[in-house]
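Shown here: input28.json, JSON, C-alpha atoms.
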```json
[["chain", "number", "residue", "atom", "x", "y", "z"],
["A", 15, "MET", "CA", -3.90, 20.90, -7.44],
["A", 16, "VAL", "CA", -0.24, 21.69, -7.98],
["A", 17, "LYS", "CA", 1.69, 19.12, -9.92],
["A", 18, "ALA", "CA", 3.54, 16.73, -7.62],
["A", 19, "SER", "CA", 7.28, 17.21, -7.50],
["A", 20, "PRO", "CA", 9.32, 14.49, -9.26],
["A", 21, "ARG", "CA", 11.47, 14.03, -6.13],
["A", 22, "ASP", "CA", 8.48, 13.36, -3.85],
["A", 23, "LEU", "CA", 6.93, 11.08, -6.48],
["A", 24, "PHE", "CA", 10.11, 9.01, -6.77],
["A", 25, "ILE", "CA", 10.62, 8.69, -3.01],
["A", 26, "THR", "CA", 6.99, 7.71, -2.40],
["A", 27, "ALA", "CA", 7.01, 5.26, -5.31],
["A", 28, "LEU", "CA", 9.80, 3.32, -3.59],
["A", 29, "ALA", "CA", 7.26, 1.98, -1.07],
["A", 30, "PRO", "CA", 4.92, 0.12, -3.48],
["A", 31, "MET", "CA", 7.96, -0.97, -5.49],
["A", 32, "VAL", "CA", 9.40, -2.59, -2.36],
["A", 33, "TRP", "CA", 6.02, -4.14, -1.58],
["A", 34, "GLY", "CA", 6.06, -5.62, -5.07],
["A", 35, "SER", "CA", 9.04, -7.75, -3.96],
["A", 36, "THR", "CA", 7.02, -9.31, -1.12],
["A", 37, "TYR", "CA", 5.77, -12.20, -3.27],
["A", 38, "LEU", "CA", 9.31, -13.13, -4.31],
["A", 39, "VAL", "CA", 10.64, -12.95, -0.74],
["A", 40, "THR", "CA", 7.66, -14.89, 0.62],
["A", 41, "THR", "CA", 7.89, -17.75, -1.84],
["A", 42, "GLU", "CA", 11.67, -18.06, -1.78],
["A", 43, "PHE", "CA", 12.61, -17.34, 1.85],
["A", 44, "LEU", "CA", 9.67, -17.66, 4.26],
["A", 45, "PRO", "CA", 8.03, -20.75, 5.78],
["A", 46, "ALA", "CA", 5.21, -22.10, 3.63],
["A", 47, "ASP", "CA", 1.59, -21.31, 4.47],
["A", 48, "ARG", "CA", 2.35, -18.71, 7.14],
["A", 49, "PRO", "CA", 0.93, -15.46, 5.70],
["A", 50, "LEU", "CA", -0.35, -14.09, 9.01],
["A", 51, "LEU", "CA", 2.97, -14.81, 10.70],
["A", 52, "ALA", "CA", 4.73, -12.95, 7.89],
["A", 53, "ALA", "CA", 2.36, -9.99, 8.32],
["A", 54, "THR", "CA", 2.84, -9.89, 12.09],
["A", 55, "VAL", "CA", 6.63, -10.15, 11.95],
["A", 56, "ARG", "CA", 6.63, -7.56, 9.21],
["A", 57, "ALA", "CA", 4.81, -5.00, 11.37],
["A", 58, "LEU", "CA", 5.25, -5.59, 15.10],
["A", 59, "PRO", "CA", 9.06, -5.69, 15.63],
["A", 60, "ALA", "CA", 9.65, -2.65, 13.42],
["A", 61, "GLY", "CA", 6.87, -0.75, 15.17],
["A", 62, "ILE", "CA", 8.18, -1.51, 18.67],
["A", 63, "VAL", "CA", 11.76, -0.59, 17.72],
["A", 64, "LEU", "CA", 10.68, 2.72, 16.20],
["A", 65, "MET", "CA", 8.54, 3.61, 19.20],
["A", 66, "LEU", "CA", 11.38, 2.84, 21.63],
["A", 67, "VAL", "CA", 14.04, 4.66, 19.62],
["A", 68, "THR", "CA", 11.91, 7.76, 19.03],
["A", 69, "ARG", "CA", 10.23, 7.57, 22.47],
["A", 70, "THR", "CA", 6.88, 8.08, 20.86],
["A", 71, "TRP", "CA", 3.63, 7.23, 22.66],
["A", 72, "PRO", "CA", 0.09, 8.23, 21.75],
["A", 73, "ARG", "CA", -1.56, 10.90, 23.88],
["A", 74, "GLY", "CA", -5.14, 12.04, 24.23],
["A", 75, "SER", "CA", -7.22, 11.53, 21.10],
["A", 76, "TRP", "CA", -4.21, 9.99, 19.35],
["A", 77, "TRP", "CA", -4.79, 6.71, 21.20],
["A", 78, "PHE", "CA", -7.93, 6.32, 19.10],
["A", 79, "LYS", "CA", -6.44, 7.82, 15.94],
["A", 80, "ALA", "CA", -3.27, 5.69, 16.10],
["A", 81, "ALA", "CA", -5.36, 2.56, 16.68],
["A", 82, "ALA", "CA", -7.64, 3.43, 13.76],
["A", 83, "LEU", "CA", -4.76, 4.16, 11.39],
["A", 84, "GLY", "CA", -2.86, 1.09, 12.60],
["A", 85, "ALA", "CA", -5.89, -1.07, 11.83],
["A", 86, "LEU", "CA", -6.72, 0.50, 8.46],
["A", 87, "ASN", "CA", -3.15, 0.76, 7.12],
["A", 88, "ILE", "CA", -1.65, -2.33, 8.76],
["A", 89, "GLY", "CA", -3.67, -4.78, 10.89],
["A", 90, "LEU", "CA", -7.05, -5.06, 9.18],
["A", 91, "PHE", "CA", -5.54, -4.42, 5.74],
["A", 92, "PHE", "CA", -2.91, -7.18, 6.11],
["A", 93, "PHE", "CA", -5.50, -9.66, 7.41],
["A", 94, "LEU", "CA", -7.88, -8.97, 4.51],
["A", 95, "LEU", "CA", -5.00, -9.00, 2.04],
["A", 96, "PHE", "CA", -3.88, -12.49, 3.03],
["A", 97, "PHE", "CA", -7.44, -13.78, 3.45],
["A", 98, "THR", "CA", -8.14, -12.65, -0.11],
["A", 99, "ALA", "CA", -4.96, -14.36, -1.29],
["A", 100, "TYR", "CA", -6.28, -17.66, 0.09],
["A", 101, "GLN", "CA", -9.70, -17.20, -1.51],
["A", 102, "LEU", "CA", -8.69, -15.91, -4.95],
["A", 103, "PRO", "CA", -5.87, -16.47, -7.43],
["A", 104, "GLY", "CA", -3.20, -13.80, -7.12],
["A", 105, "GLY", "CA", -4.17, -12.12, -10.37],
["A", 106, "VAL", "CA", -7.82, -11.81, -9.42],
["A", 107, "ALA", "CA", -6.90, -10.55, -5.94],
["A", 108, "ALA", "CA", -4.71, -7.83, -7.46],
["A", 109, "LEU", "CA", -7.44, -6.88, -9.91],
["A", 110, "VAL", "CA", -10.03, -6.56, -7.11],
["A", 111, "GLY", "CA", -7.57, -4.52, -5.08],
["A", 112, "SER", "CA", -7.13, -2.10, -7.96],
["A", 113, "ILE", "CA", -10.46, -0.54, -7.00],
["A", 114, "GLN", "CA", -8.63, 1.20, -4.12],
["A", 115, "PRO", "CA", -8.04, 4.53, -5.96],
["A", 116, "LEU", "CA", -11.77, 4.74, -6.64],
["A", 117, "PHE", "CA", -12.45, 4.43, -2.90],
["A", 118, "VAL", "CA", -9.85, 7.14, -2.23],
["A", 119, "LEU", "CA", -11.59, 9.33, -4.80],
["A", 120, "LEU", "CA", -15.00, 8.86, -3.15],
["A", 121, "LEU", "CA", -13.78, 9.24, 0.44],
["A", 122, "GLY", "CA", -11.76, 12.33, -0.44],
["A", 123, "VAL", "CA", -14.93, 14.28, -1.25],
["A", 124, "PRO", "CA", -16.54, 14.30, 2.25],
["A", 125, "LEU", "CA", -13.36, 13.93, 4.33],
["A", 126, "LEU", "CA", -10.91, 16.17, 2.46],
["A", 127, "GLY", "CA", -13.20, 18.42, 0.46],
["A", 128, "GLU", "CA", -11.66, 17.27, -2.82],
["A", 129, "ARG", "CA", -13.37, 17.35, -6.20],
["A", 130, "ILE", "CA", -13.88, 14.40, -8.52],
["A", 131, "ARG", "CA", -12.32, 15.09, -11.90],
["A", 132, "MET", "CA", -12.93, 13.19, -15.11],
["A", 133, "THR", "CA", -9.16, 12.61, -15.28],
["A", 134, "HIS", "CA", -9.38, 10.66, -12.02],
["A", 135, "ILE", "CA", -12.17, 8.42, -13.32],
["A", 136, "VAL", "CA", -10.32, 7.74, -16.57],
["A", 137, "ALA", "CA", -7.10, 7.01, -14.68],
["A", 138, "CYS", "CA", -8.94, 4.54, -12.40],
["A", 139, "ALA", "CA", -10.24, 2.67, -15.45],
["A", 140, "VAL", "CA", -6.87, 2.71, -17.22],
["A", 141, "GLY", "CA", -5.00, 1.56, -14.10],
["A", 142, "ALA", "CA", -7.44, -1.28, -13.40],
["A", 143, "ALA", "CA", -7.19, -2.42, -17.02],
["A", 144, "GLY", "CA", -3.41, -2.36, -16.78],
["A", 145, "VAL", "CA", -3.40, -4.42, -13.58],
["A", 146, "GLY", "CA", -5.80, -6.87, -15.19],
["A", 147, "LEU", "CA", -3.52, -7.39, -18.19],
["A", 148, "LEU", "CA", -0.50, -7.71, -15.90],
["A", 149, "VAL", "CA", -1.79, -10.39, -13.56],
["A", 150, "LEU", "CA", -5.06, -11.92, -14.76],
["A", 151, "ARG", "CA", -5.07, -15.37, -16.32],
["A", 152, "SER", "CA", -7.81, -17.08, -18.33],
["A", 153, "THR", "CA", -8.08, -19.84, -15.68],
["A", 154, "ALA", "CA", -8.88, -17.34, -12.91],
["A", 155, "THR", "CA", -11.92, -18.17, -10.77],
["A", 156, "LEU", "CA", -14.03, -16.04, -8.45],
["A", 157, "THR", "CA", -15.60, -16.60, -5.04],
["A", 158, "VAL", "CA", -18.05, -14.13, -3.54],
["A", 159, "ILE", "CA", -16.35, -14.05, -0.15],
["A", 160, "GLY", "CA", -12.96, -13.58, -1.79],
["A", 161, "VAL", "CA", -14.15, -10.65, -3.89],
["A", 162, "LEU", "CA", -15.84, -9.04, -0.87],
["A", 163, "ALA", "CA", -12.71, -9.48, 1.24],
["A", 164, "GLY", "CA", -10.58, -7.98, -1.52],
["A", 165, "MET", "CA", -12.87, -4.98, -1.82],
["A", 166, "ALA", "CA", -12.89, -4.58, 1.97],
["A", 167, "GLY", "CA", -9.09, -4.63, 1.95],
["A", 168, "ALA", "CA", -9.00, -1.97, -0.75],
["A", 169, "LEU", "CA", -11.47, 0.14, 1.25],
["A", 170, "SER", "CA", -9.34, -0.30, 4.39],
["A", 171, "MET", "CA", -6.20, 0.96, 2.66],
["A", 172, "ALA", "CA", -8.11, 3.81, 0.99],
["A", 173, "ALA", "CA", -9.57, 4.94, 4.31],
["A", 174, "GLY", "CA", -6.11, 4.75, 5.86],
["A", 175, "ILE", "CA", -4.67, 7.00, 3.15],
["A", 176, "VAL", "CA", -7.47, 9.57, 3.44],
["A", 177, "LEU", "CA", -7.51, 9.68, 7.26],
["A", 178, "THR", "CA", -3.70, 9.89, 7.41],
["A", 179, "LYS", "CA", -3.98, 12.92, 5.13],
["A", 180, "ARG", "CA", -6.81, 14.43, 7.19],
["A", 181, "TRP", "CA", -5.33, 13.90, 10.66],
["A", 182, "GLY", "CA", -1.67, 14.51, 9.86],
["A", 183, "ARG", "CA", 0.82, 13.70, 12.65],
["A", 184, "PRO", "CA", 0.57, 14.36, 16.39],
["A", 185, "ASP", "CA", 2.28, 17.55, 17.53],
["A", 186, "GLY", "CA", 5.97, 17.00, 18.19],
["A", 187, "VAL", "CA", 6.01, 13.50, 16.64],
["A", 188, "GLY", "CA", 8.43, 12.87, 13.80],
["A", 189, "LEU", "CA", 7.89, 10.72, 10.73],
["A", 190, "LEU", "CA", 9.62, 7.64, 12.17],
["A", 191, "GLY", "CA", 7.69, 7.86, 15.44],
["A", 192, "PHE", "CA", 4.42, 8.22, 13.51],
["A", 193, "THR", "CA", 5.32, 5.18, 11.41],
["A", 194, "GLY", "CA", 6.21, 3.20, 14.52],
["A", 195, "LEU", "CA", 2.87, 3.98, 16.16],
["A", 196, "GLN", "CA", 0.92, 2.55, 13.25],
["A", 197, "LEU", "CA", 3.12, -0.51, 12.75],
["A", 198, "ALA", "CA", 3.00, -1.35, 16.45],
["A", 199, "MET", "CA", -0.76, -0.89, 16.69],
["A", 200, "GLY", "CA", -1.36, -2.98, 13.59],
["A", 201, "GLY", "CA", 1.09, -5.67, 14.73],
["A", 202, "VAL", "CA", -0.58, -5.94, 18.14],
["A", 203, "MET", "CA", -3.92, -6.50, 16.39],
["A", 204, "LEU", "CA", -2.44, -9.18, 14.14],
["A", 205, "LEU", "CA", -0.58, -11.08, 16.88],
["A", 206, "PRO", "CA", -3.53, -12.88, 18.57],
["A", 207, "VAL", "CA", -5.08, -13.74, 15.20],
["A", 208, "THR", "CA", -1.75, -15.22, 14.08],
["A", 209, "LEU", "CA", -1.33, -17.30, 17.25],
["A", 210, "VAL", "CA", -4.88, -18.67, 17.05],
["A", 211, "VAL", "CA", -5.06, -19.33, 13.31],
["A", 212, "GLU", "CA", -1.49, -20.37, 12.46],
["A", 213, "GLY", "CA", 0.53, -20.72, 15.64],
["A", 214, "LEU", "CA", 4.32, -20.53, 15.65],
["A", 215, "PRO", "CA", 6.53, -22.64, 13.36],
["A", 216, "ARG", "CA", 8.47, -25.49, 14.95],
["A", 217, "SER", "CA", 11.73, -24.33, 13.43],
["A", 218, "VAL", "CA", 13.07, -21.29, 11.60],
["A", 219, "SER", "CA", 15.95, -21.49, 9.12],
["A", 220, "VAL", "CA", 18.58, -18.88, 8.32],
["A", 221, "PRO", "CA", 16.85, -18.02, 4.99],
["A", 222, "ASN", "CA", 13.59, -17.63, 6.93],
["A", 223, "LEU", "CA", 15.25, -15.16, 9.30],
["A", 224, "ALA", "CA", 16.70, -13.24, 6.35],
["A", 225, "GLY", "CA", 13.27, -13.04, 4.72],
["A", 226, "PHE", "CA", 11.61, -11.88, 7.94],
["A", 227, "ALA", "CA", 14.33, -9.27, 8.43],
["A", 228, "TYR", "CA", 13.81, -7.94, 4.91],
["A", 229, "LEU", "CA", 10.04, -7.67, 5.36],
["A", 230, "SER", "CA", 10.39, -5.95, 8.73],
["A", 231, "VAL", "CA", 13.25, -3.54, 8.05],
["A", 232, "ILE", "CA", 12.81, -2.80, 4.33],
["A", 233, "GLY", "CA", 9.21, -3.81, 3.66],
["A", 234, "ALA", "CA", 7.74, -2.16, 6.76],
["A", 235, "LEU", "CA", 10.03, 0.27, 8.59],
["A", 236, "ALA", "CA", 11.59, 1.95, 5.55],
["A", 237, "ALA", "CA", 8.73, 1.50, 3.08],
["A", 238, "TYR", "CA", 5.97, 2.77, 5.35],
["A", 239, "ALA", "CA", 8.08, 5.73, 6.47],
["A", 240, "VAL", "CA", 8.41, 6.97, 2.88],
["A", 241, "TRP", "CA", 4.75, 6.03, 2.20],
["A", 242, "PHE", "CA", 3.43, 8.17, 5.07],
["A", 243, "ARG", "CA", 5.82, 10.94, 4.05],
["A", 244, "GLY", "CA", 4.30, 10.81, 0.57],
["A", 245, "ILE", "CA", 0.75, 10.97, 1.92],
["A", 246, "GLN", "CA", 1.66, 14.19, 3.73],
["A", 247, "ARG", "CA", 3.39, 15.81, 0.76],
["A", 248, "LEU", "CA", 1.39, 14.59, -2.26],
["A", 249, "PRO", "CA", -2.29, 14.70, -3.25],
["A", 250, "THR", "CA", -4.13, 11.61, -2.03],
["A", 251, "MET", "CA", -5.05, 10.45, -5.54],
["A", 252, "VAL", "CA", -1.43, 10.60, -6.66],
["A", 253, "VAL", "CA", -0.35, 8.47, -3.70],
["A", 254, "SER", "CA", -3.11, 5.91, -4.21],
["A", 255, "PHE", "CA", -2.21, 5.42, -7.87],
["A", 256, "LEU", "CA", 1.42, 4.74, -7.00],
["A", 257, "GLY", "CA", 0.12, 1.51, -5.46],
["A", 258, "PHE", "CA", -0.31, 0.20, -9.02],
["A", 259, "LEU", "CA", 3.47, -0.08, -9.18],
["A", 260, "SER", "CA", 3.37, -3.01, -6.75],
["A", 261, "PRO", "CA", 1.89, -5.64, -9.14],
["A", 262, "LEU", "CA", 4.05, -4.17, -11.90],
["A", 263, "VAL", "CA", 7.25, -4.78, -9.91],
["A", 264, "ALA", "CA", 6.01, -8.21, -8.81],
["A", 265, "THR", "CA", 5.50, -9.19, -12.46],
["A", 266, "VAL", "CA", 8.97, -7.97, -13.48],
["A", 267, "LEU", "CA", 10.68, -9.76, -10.56],
["A", 268, "GLY", "CA", 8.78, -12.96, -11.33],
["A", 269, "PHE", "CA", 10.04, -12.80, -14.91],
["A", 270, "ALA", "CA", 13.62, -11.94, -13.89],
["A", 271, "PHE", "CA", 14.15, -14.35, -10.97],
["A", 272, "LEU", "CA", 11.43, -17.02, -11.04],
["A", 273, "GLY", "CA", 11.36, -17.78, -14.76],
["A", 274, "GLU", "CA", 7.75, -16.67, -15.14],
["A", 275, "ALA", "CA", 6.53, -15.85, -18.64],
["A", 276, "LEU", "CA", 6.05, -12.24, -19.72],
["A", 277, "SER", "CA", 3.55, -11.89, -22.56],
["A", 278, "GLY", "CA", 2.89, -9.03, -24.92],
["A", 279, "TRP", "CA", -0.39, -8.27, -23.16],
["A", 280, "GLN", "CA", 1.46, -7.97, -19.85],
["A", 281, "ILE", "CA", 3.76, -5.40, -21.42],
["A", 282, "VAL", "CA", 0.69, -3.50, -22.61],
["A", 283, "GLY", "CA", -0.67, -3.73, -19.06],
["A", 284, "ALA", "CA", 2.57, -2.32, -17.67],
["A", 285, "LEU", "CA", 2.36, 0.62, -20.04],
["A", 286, "LEU", "CA", -1.26, 1.26, -19.02],
["A", 287, "VAL", "CA", -0.29, 1.24, -15.33],
["A", 288, "LEU", "CA", 2.43, 3.79, -15.97],
["A", 289, "ALA", "CA", 0.02, 5.87, -18.05],
["A", 290, "ALA", "CA", -2.51, 5.91, -15.18],
["A", 291, "VAL", "CA", 0.14, 7.03, -12.69],
["A", 292, "PHE", "CA", 1.24, 9.80, -15.06],
["A", 293, "LEU", "CA", -2.31, 10.88, -15.89],
["A", 294, "VAL", "CA", -3.51, 11.31, -12.31],
["A", 295, "GLN", "CA", -0.63, 13.53, -11.21],
["A", 296, "ARG", "CA", -1.23, 16.13, -13.90],
["A", 297, "PRO", "CA", -2.73, 19.43, -12.67],
["A", 298, "PRO", "CA", -6.30, 20.34, -13.67],
["A", 299, "ALA", "CA", -6.71, 21.75, -17.17],
["A", 300, "GLU", "CA", -8.24, 24.94, -15.81],
["A", 301, "ALA", "CA", -5.09, 25.69, -13.78],
["A", 302, "SER", "CA", -2.98, 27.86, -16.07],
["A", 303, "PRO", "CA", 0.82, 27.92, -15.82],
["A", 304, "ASP", "CA", 0.68, 31.50, -14.51],
["A", 305, "ARG", "CA", -1.69, 30.46, -11.75],
["A", 306, "LEU", "CA", 0.48, 27.51, -10.79],
["A", 307, "ARG", "CA", 3.52, 29.76, -10.58],
["A", 308, "ARG", "CA", 1.61, 32.13, -8.28],
["A", 309, "VAL", "CA", 0.61, 29.24, -5.99],
["A", 310, "ASP", "CA", 4.21, 28.01, -5.85],
["A", 311, "THR", "CA", 5.35, 31.55, -4.98],
["A", 312, "LEU", "CA", 2.86, 31.77, -2.12],
["A", 313, "ARG", "CA", 4.13, 28.47, -0.77]]
```

This entry written out as structure tokens:
Amino acid sequence: MVKASPRDLFITALAPMVWGSTYLVTTEFLPADRPLLAATVRALPAGIVLMLVTRTWPRGSWWFKAAALGALNIGLFFFLLFFTAYQLPGGVAALVGSIQPLFVLLLGVPLLGERIRMTHIVACAVGAAGVGLLVLRSTATLTVIGVLAGMAGALSMAAGIVLTKRWGRPDGVGLLGFTGLQLAMGGVMLLPVTLVVEGLPRSVSVPNLAGFAYLSVIGALAAYAVWFRGIQRLPTMVVSFLGFLSPLVATVLGFAFLGEALSGWQIVGALLVLAAVFLVQRPPAEASPDRLRRVDTLR
């Protein structure tokens, strides 16, 4: 595995960093107790706009593939994410979700022909410990259904990452069109669930509209475009570990704008998260510098 380029790492990292702001935007700008509505508005409008602008429609086997990726990356994942948030405290939900890189590691073996390295296993443990220190509180409680939903959500996102890497993009479809396909498919799946479970709010304020616009344009359209770009350009394990930046950014924003406390253990957790991200993107020890230079030359 060739070491990921700093430019691609930085661009891809912007996606989970933006997603880390979702909690702040949700609590400060969106209607209360409307998580499914937020997820639907986040995905569906952006997906439809991108499909119309790029004139992208699925063809042949890509009807199934786009629906599968839309469910795994958007629809099913968002539903499980918010269901877990209702069942578990935020810190526990984030900790359960940190198992996602392990699922990527396991799925990558049969689907991508990748090898499990000890560095990956250590990075998974270090990253999960860092997330735990960042978000876990001593008063946290567990429910079986909440933990299972959180693990299912992590598996959904992991499968989405691996299958996006395996299938690539349809011939002749650009990055924005590919992003639009998945957002639209996922949004269509979320819409009936939202209408049945939550319904529509009686009124929407200007701050609500601003929050919805941010989630749709920045949190979905822009963030998922750079996320899918990163999946294509970077090793799957590197991409999955960048997701650890989301709770890190959420913790920092909570401290900066919501007056939340930031303890010494949380700082240690932040450092562990960064260490895990750094550790997993290093090339294998057996790959000598001369060999890496030869691979780069062939590329």

Which residues are close to Leu58 in chain A, i.e. within 9 Å by only C-alpha atoms, leaving aside same-chain residues fewer than 2 positions away? Reply as a JSON list (two decimals) with C-alpha atoms, in the coordinates of the input.
```
[["chain", "number", "residue", "atom", "x", "y", "z"],
["A", 53, "ALA", "CA", 2.36, -9.99, 8.32],
["A", 54, "THR", "CA", 2.84, -9.89, 12.09],
["A", 55, "VAL", "CA", 6.63, -10.15, 11.95],
["A", 56, "ARG", "CA", 6.63, -7.56, 9.21],
["A", 60, "ALA", "CA", 9.65, -2.65, 13.42],
["A", 61, "GLY", "CA", 6.87, -0.75, 15.17],
["A", 62, "ILE", "CA", 8.18, -1.51, 18.67],
["A", 63, "VAL", "CA", 11.76, -0.59, 17.72],
["A", 194, "GLY", "CA", 6.21, 3.20, 14.52],
["A", 197, "LEU", "CA", 3.12, -0.51, 12.75],
["A", 198, "ALA", "CA", 3.00, -1.35, 16.45],
["A", 199, "MET", "CA", -0.76, -0.89, 16.69],
["A", 200, "GLY", "CA", -1.36, -2.98, 13.59],
["A", 201, "GLY", "CA", 1.09, -5.67, 14.73],
["A", 202, "VAL", "CA", -0.58, -5.94, 18.14],
["A", 204, "LEU", "CA", -2.44, -9.18, 14.14],
["A", 205, "LEU", "CA", -0.58, -11.08, 16.88],
["A", 230, "SER", "CA", 10.39, -5.95, 8.73]]
```

Shortest interatomic distance to Trp241 in chain A - which of A:Ala108, A:Pro30, A:Arg21, A:Pro49, counting all atoms listed in the file: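 The closest residue to Trp241 in chain A is A:Pro30.
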
Using all atoms listed in the file: which of A:Leu195, A:Ala27, A:Leu116, A:Leu150 has the shortest distance to Cys138 in chain A: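 Using all atoms listed in the file, Cys138 in chain A sits closest to A:Leu116.
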
Could you check how far CA of Gly283 in chain A sits from CA of Ala139 in chain A, in Å to one decimal? 12.1 Å

Go ahead and find all residues with at least one atom no further than 12 Å from (6.1, 0.2, -16.6) in the file's coordinates, using all atoms listed in the file; report them as a ChimeraX atom specification. /A:31,141,144-145,148,256,258-266,280-292

For CA of Gly225 in chain A and CA of Thr40 in chain A, quote the distance in Å rounded to one decimal. 7.2 Å
